[in-house]
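Peer 1: Provided herewith: model.cif, mmCIF, C-alpha atoms.
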```cif
data_run
#
loop_
_atom_site.label_atom_id
_atom_site.label_comp_id
_atom_site.auth_asym_id
_atom_site.auth_seq_id
_atom_site.Cartn_x
_atom_site.Cartn_y
_atom_site.Cartn_z
CA MET A 505 126.70 112.21 47.24
CA THR A 506 128.01 113.35 50.62
CA ILE A 507 124.89 115.43 51.38
CA ARG A 508 122.62 112.49 50.48
CA TYR A 509 124.67 110.17 52.68
CA CYS A 510 124.51 112.61 55.61
CA PHE A 511 120.75 112.98 55.16
CA LYS A 512 120.26 109.20 55.25
CA LEU A 513 122.48 108.95 58.31
CA VAL A 514 120.50 111.65 60.17
CA LEU A 515 117.21 110.03 59.13
CA PHE A 516 118.47 106.66 60.39
CA PHE A 517 119.34 108.10 63.81
CA ILE A 518 115.97 109.86 64.08
CA LEU A 519 114.11 106.64 63.28
CA TRP A 520 116.28 104.71 65.75
CA ILE A 521 115.54 107.20 68.56
CA VAL A 522 111.80 107.04 67.81
CA PHE A 523 111.98 103.24 67.94
CA ILE A 524 113.80 103.24 71.30
CA LEU A 525 111.31 105.71 72.82
CA ASP A 526 108.38 103.68 71.54
CA CYS A 527 109.78 100.49 73.05
CA SER A 528 110.41 102.24 76.38
CA LEU A 529 106.86 103.59 76.56
CA SER A 530 105.40 100.21 75.63
CA SER A 531 107.35 98.34 78.30
CA ALA A 532 106.49 101.00 80.91
CA GLY A 533 102.80 100.35 80.41
CA GLU A 534 102.93 96.56 80.71
CA PRO A 535 100.82 95.10 83.54
CA TYR A 536 102.63 93.53 86.49
CA THR A 537 101.53 91.67 89.59
CA GLU A 538 102.33 91.36 93.29
CA GLU A 539 101.32 88.31 95.34
CA TYR A 540 101.18 88.00 99.12
CA ALA A 541 100.16 85.21 101.50
CA TYR A 542 99.20 85.73 105.16
CA GLU A 543 97.97 83.78 108.14
CA ALA A 544 95.54 85.36 110.61
CA ILE A 545 94.74 84.23 114.14
CA PRO A 546 92.05 85.72 116.42
CA THR A 547 93.81 87.66 119.18
CA LYS A 548 91.57 86.13 121.89
CA ASP A 549 91.57 82.59 120.52
CA LYS A 550 94.89 81.01 119.61
CA GLY A 551 93.29 77.75 118.46
CA LYS A 552 94.39 76.53 115.04
CA ASP A 553 90.77 75.79 114.12
CA ARG A 554 90.13 79.54 113.99
CA LYS A 555 93.15 80.34 111.85
CA GLU A 556 92.56 81.97 108.47
CA PHE A 557 94.71 81.95 105.35
CA ILE A 558 94.70 85.04 103.16
CA GLU A 559 96.03 85.46 99.65
CA ILE A 560 96.25 88.85 97.97
CA LYS A 561 97.08 89.38 94.31
CA LEU A 562 97.53 92.91 92.97
CA ILE A 563 97.37 93.47 89.23
CA HIS A 564 98.74 96.84 88.11
CA SER A 565 98.12 98.61 84.82
CA ASP A 566 98.51 102.21 83.67
CA GLN A 567 95.02 103.18 84.79
CA GLN A 568 94.11 100.94 87.73
CA ILE A 569 95.00 98.43 90.41
CA ILE A 570 92.89 95.30 90.80
CA CYS A 571 93.11 93.63 94.20
CA ASN A 572 91.95 90.00 94.38
CA LEU A 573 91.75 88.79 97.98
CA GLN A 574 90.83 85.26 99.08
CA ARG A 575 90.28 84.49 102.76
CA ARG A 576 89.98 80.80 103.73
CA SER A 577 88.91 79.33 107.07
CA SER A 578 87.55 76.00 108.26
CA GLU A 579 84.03 77.34 107.74
CA ALA A 580 84.05 79.01 104.32
CA GLN A 581 85.97 80.96 101.72
CA GLU A 582 85.54 84.67 101.05
CA ILE A 583 86.46 86.26 97.74
CA ILE A 584 86.90 90.02 97.57
CA LYS A 585 87.69 92.03 94.45
CA ILE A 586 88.60 95.71 94.69
CA GLU A 587 89.34 98.11 91.87
CA THR A 588 91.14 101.41 92.41
CA SER A 589 92.89 103.95 90.24
CA SER A 590 96.66 103.63 89.86
CA ASP A 591 97.09 106.04 92.81
CA GLY A 592 94.79 104.11 95.16
CA LYS A 593 91.51 106.01 94.63
CA PHE A 594 88.63 103.60 95.27
CA HIS A 595 86.35 102.68 92.34
CA SER A 596 84.39 99.52 93.22
CA ALA A 597 84.40 96.30 95.24
CA THR A 598 82.54 92.99 95.49
CA LYS A 599 82.41 90.31 98.19
CA ASP A 600 81.42 86.71 97.54
CA LYS A 601 81.42 83.54 99.62
CA ILE A 602 81.78 79.82 99.00
CA ASP A 603 80.48 77.71 101.88
CA ASN A 604 81.57 74.20 102.90
CA PHE A 605 79.02 72.70 100.50
CA GLY A 606 80.52 74.55 97.55
CA LYS A 607 77.61 76.96 97.28
CA TYR A 608 78.55 80.32 95.77
CA ILE A 609 76.90 83.31 97.45
CA HIS A 610 77.08 86.91 96.26
CA ILE A 611 77.11 88.89 99.49
CA ALA A 612 77.74 92.54 98.74
CA GLU A 613 79.08 95.16 96.38
CA ILE A 614 80.19 98.76 96.79
CA PHE A 615 80.71 101.35 94.07
CA ARG A 616 80.91 105.11 93.72
CA ASP A 617 80.38 108.11 91.52
CA GLU A 618 81.96 111.54 92.01
CA GLU A 619 79.71 112.53 94.93
CA ASN A 620 78.31 109.33 96.50
CA VAL A 621 79.20 105.78 97.43
CA TYR A 622 76.61 102.98 97.23
CA ALA A 623 76.68 99.82 99.36
CA ARG A 624 74.49 96.90 98.29
CA GLN A 625 73.95 93.86 100.47
CA PHE A 626 72.28 90.64 99.33
CA SER A 627 70.57 88.42 101.92
CA ASN A 628 67.93 85.68 101.55
CA GLY A 629 66.96 86.83 98.08
CA SER A 630 66.52 90.46 99.07
CA LEU A 631 68.60 93.51 98.18
CA LYS A 632 69.37 96.37 100.56
CA THR A 633 71.11 99.51 99.31
CA LYS A 634 72.56 102.41 101.28
CA LYS A 635 73.94 105.65 99.86
CA TYR A 636 76.54 107.81 101.53
CA SER A 637 77.81 111.22 100.51
CA ILE A 638 81.55 111.31 99.97
CA LEU A 639 82.96 113.89 102.33
CA ARG A 640 84.99 116.60 100.64
CA GLY A 641 88.68 116.47 101.39
CA LYS A 642 88.50 112.91 102.75
CA PRO A 643 89.74 109.95 100.73
CA LEU A 644 87.42 106.93 100.54
CA ALA A 645 88.48 103.38 101.41
CA VAL A 646 86.71 100.00 101.42
CA ASP A 647 88.22 96.94 103.10
CA ALA A 648 91.73 96.22 101.76
CA SER A 649 91.69 99.35 99.60
CA LEU A 650 92.95 101.14 102.73
CA LEU A 651 96.23 99.25 102.32
CA LEU A 652 96.54 100.46 98.73
CA LEU A 653 95.70 104.00 99.80
CA MET A 654 98.33 103.96 102.55
CA ARG A 655 101.03 103.34 99.94
CA PHE A 656 100.59 107.00 98.99
CA PHE A 657 100.72 108.33 102.56
CA PRO A 658 103.11 111.31 103.02
CA PHE A 659 105.61 109.42 105.17
CA ASP A 660 108.03 111.14 107.56
CA LYS A 661 106.19 114.47 107.37
CA ASN A 662 104.21 114.39 110.65
CA ILE A 663 100.91 114.48 108.74
CA GLU A 664 97.61 112.80 109.69
CA TRP A 665 94.98 111.54 107.27
CA ASP A 666 91.22 111.51 107.85
CA VAL A 667 89.70 108.71 105.77
CA PHE A 668 86.02 107.90 105.20
CA MET A 669 85.41 104.13 105.16
CA VAL A 670 82.44 101.99 104.14
CA ASP A 671 82.42 98.24 104.73
CA PHE A 672 80.47 95.40 103.16
CA SER A 673 78.10 95.30 106.15
CA GLN A 674 76.99 98.83 105.17
CA TYR A 675 78.59 100.56 108.13
CA SER A 676 80.39 103.85 107.55
CA ILE A 677 83.08 105.23 109.82
CA SER A 678 85.73 107.91 109.85
CA VAL A 679 89.27 106.88 110.72
CA ARG A 680 92.46 108.79 111.33
CA VAL A 681 95.68 107.40 109.86
CA VAL A 682 99.00 108.37 111.48
CA GLN A 683 102.58 107.25 111.14
CA ALA A 684 103.62 106.21 114.66
CA ASP A 685 107.16 104.85 114.33
CA ILE A 686 109.68 102.87 112.28
CA GLU A 687 110.32 99.30 113.50
CA ASN A 688 111.91 96.05 112.39
CA ILE A 689 109.24 93.35 112.25
CA LEU A 690 109.92 89.62 112.12
CA VAL A 691 107.27 87.41 110.46
CA PRO A 692 107.37 83.97 108.77
CA ALA A 693 108.33 85.67 105.47
CA GLY A 694 111.39 87.29 107.06
CA GLU A 695 112.40 90.52 108.77
CA PHE A 696 111.34 93.88 107.33
CA GLU A 697 111.92 97.50 108.23
CA CYS A 698 108.42 98.93 108.55
CA TYR A 699 106.40 102.03 109.16
CA ARG A 700 104.05 101.41 112.07
CA MET A 701 100.78 102.94 110.93
CA GLU A 702 98.02 103.45 113.48
CA VAL A 703 94.41 103.76 112.37
CA ILE A 704 92.13 105.31 114.98
CA VAL A 705 88.51 104.30 114.41
CA LYS A 706 85.91 106.89 115.38
CA PHE A 707 82.64 105.05 116.01
CA PHE A 708 80.19 106.81 118.33
CA ILE A 709 81.91 106.87 121.73
CA PHE A 710 84.47 104.21 120.78
CA ARG A 711 88.04 104.97 119.72
CA ALA A 712 89.47 101.62 118.68
CA LYS A 713 93.04 101.41 117.38
CA ILE A 714 94.17 99.18 114.54
CA THR A 715 97.88 98.80 113.85
CA TYR A 716 99.46 98.08 110.47
CA TRP A 717 103.12 97.52 109.76
CA ILE A 718 103.95 98.26 106.13
CA THR A 719 107.37 98.14 104.55
CA LYS A 720 109.42 101.31 104.57
CA LYS A 721 110.70 100.29 101.16
CA GLU A 722 108.30 100.67 98.24
CA PRO A 723 105.74 99.40 97.36
CA HIS A 724 104.94 99.66 101.11
CA PHE A 725 103.17 96.29 101.38
CA LEU A 726 101.56 94.89 104.54
CA VAL A 727 103.81 92.84 106.83
CA LYS A 728 101.69 92.61 109.97
CA HIS A 729 98.30 93.75 111.25
CA ILE A 730 96.71 93.69 114.70
CA GLY A 731 93.10 94.70 115.27
CA LYS A 732 89.57 94.48 113.96
CA ARG A 733 88.58 94.48 110.28
CA GLY A 734 85.30 96.29 110.95
CA PRO A 735 83.40 97.90 113.89
CA PHE A 736 81.93 94.60 115.12
CA THR A 737 84.32 91.97 113.76
CA THR A 738 86.75 89.74 115.63
CA ALA A 739 90.23 91.16 116.22
CA TYR A 740 93.02 89.31 114.40
CA THR A 741 96.78 89.18 114.32
CA THR A 742 97.79 88.83 110.68
CA SER A 743 101.35 88.03 109.56
CA LEU A 744 103.03 87.84 106.16
CA VAL A 745 104.02 84.30 105.15
CA SER A 746 105.33 84.82 101.61
CA VAL A 747 105.68 87.48 98.91
CA LYS A 748 106.13 87.30 95.13
CA PRO A 749 108.30 88.63 93.62
CA GLU A 750 110.47 87.72 96.59
CA VAL A 751 111.87 90.68 98.50
CA LYS A 752 115.39 90.37 99.87
#
```
Is it possible to express this structure as structure tokens?
Peer 2:
Amino acid sequence: MTIRYCFKLVLFFILWIVFILDCSLSSAGEPYTEEYAYEAIPTKDKGKDRKEFIEIKLIHSDQQIICNLQRRSSEAQEIIKIETSSDGKFHSATKDKIDNFGKYIHIAEIFRDEENVYARQFSNGSLKTKKYSILRGKPLAVDASLLLLMRFFPFDKNIEWDVFMVDFSQYSISVRVVQADIENILVPAGEFECYRMEVIVKFFIFRAKITYWITKKEPHFLVKHIGKRGPFTTAYTTSLVSVKPEVK
């Protein structure tokens, strides 16, 4: 009777441990989201009519991160969707536009395989595709995927990154990412201790600098940005307005 009782007791504890482990693994794999809101003003034009409002929603799962970005101005609304692996490796991206008349326009898409990246641009009913070889040893970034990639930067180790970038206009550039300093940055969403990350754009004879301030505390989200978004775009100052879940 005692042996049978002990056996049942041991079996009970084994089943209980298996149940606890199963619950822990299940909860660890549940998707979660981050939401950020920004305002962006052209650095050479402080007029409110040029201000843009940007919303970023990140959806995390075990295998990937989906970044949904909406950029609104007085002229139109841009919708960008980027998919990366859970460690920021770029998979694919699309860019769409809704004009003031409510017309939906599919502008561009970018995707990759193991060796190449393909940029497709749609204009006036025609399709233009460019293919680029992915350079060995260089991570690939497209638009806001650079922000996701920078979350995995080796901070505080005096290391520089060379990143190959392709934008929706089918331009490709190489950039160098460096950690420049640690600063406290005040924005409408509050004050944050940030890494100041400098991105040096190498484009022919030009060496433009773009500055990002991302939180020192994980998940290293964007607090402020000053500079261009592409080789020939307007330069903006972008500031964080709100974040969900709220960060104290």
Peer 1: What is the atom CA of Leu631 of chain A-atom CA of Leu644 of chain A distance in Å, reported with one decimal?
Peer 2: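 Straight-line distance from atom CA of Leu631 of chain A to atom CA of Leu644 of chain A works out to 23.2 Å.
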Peer 1: How many Å lie between atom CA of Gly731 of chain A and atom CA of Ala645 of chain A, rounded to one decimal?
Peer 2: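 The value is 17.0 Å.
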Peer 1: Extract, using all atoms listed in the file, all DNA, RNA and protein residues at most 8 Å from Pro535 of chain A, discarding same-chain residues fewer than 2 positions from it, and format them as JSON, numbers by chain.
Peer 2: {"A": [533, 537, 563, 564, 565, 566]}
Peer 1: Please write as number ranges by chain the full residue list that the PyMOL selection byres ((chain A and resi 595) around 12) yields on this file.
Peer 2: A: 567-571, 585-594, 596-598, 613-618, 620-622, 643-646, 649
Peer 1: Would you mind listing, for every residue of segment 527-641 of chain A within 8 Å of segment 670-679 of chain A, the two atoms forming the shortest contact and the distance between them in Å to one decimal, using all atoms listed in the file, sorted by chain and ascending residue number, as JSON lines?
Peer 2:
```
{"residue": "A:Lys599", "atom": "CA", "partner": "A:Phe672", "partner_atom": "CA", "distance": 7.4}
{"residue": "A:Ala612", "atom": "CA", "partner": "A:Phe672", "partner_atom": "CA", "distance": 5.9}
{"residue": "A:Glu613", "atom": "CA", "partner": "A:Phe672", "partner_atom": "CA", "distance": 6.9}
{"residue": "A:Ile614", "atom": "CA", "partner": "A:Phe672", "partner_atom": "CA", "distance": 7.2}
{"residue": "A:Ala623", "atom": "CA", "partner": "A:Gln674", "partner_atom": "CA", "distance": 5.9}
{"residue": "A:Arg624", "atom": "CA", "partner": "A:Gln674", "partner_atom": "CA", "distance": 7.6}
{"residue": "A:Gln625", "atom": "CA", "partner": "A:Ser673", "partner_atom": "CA", "distance": 7.2}
{"residue": "A:Lys634", "atom": "CA", "partner": "A:Gln674", "partner_atom": "CA", "distance": 6.9}
```
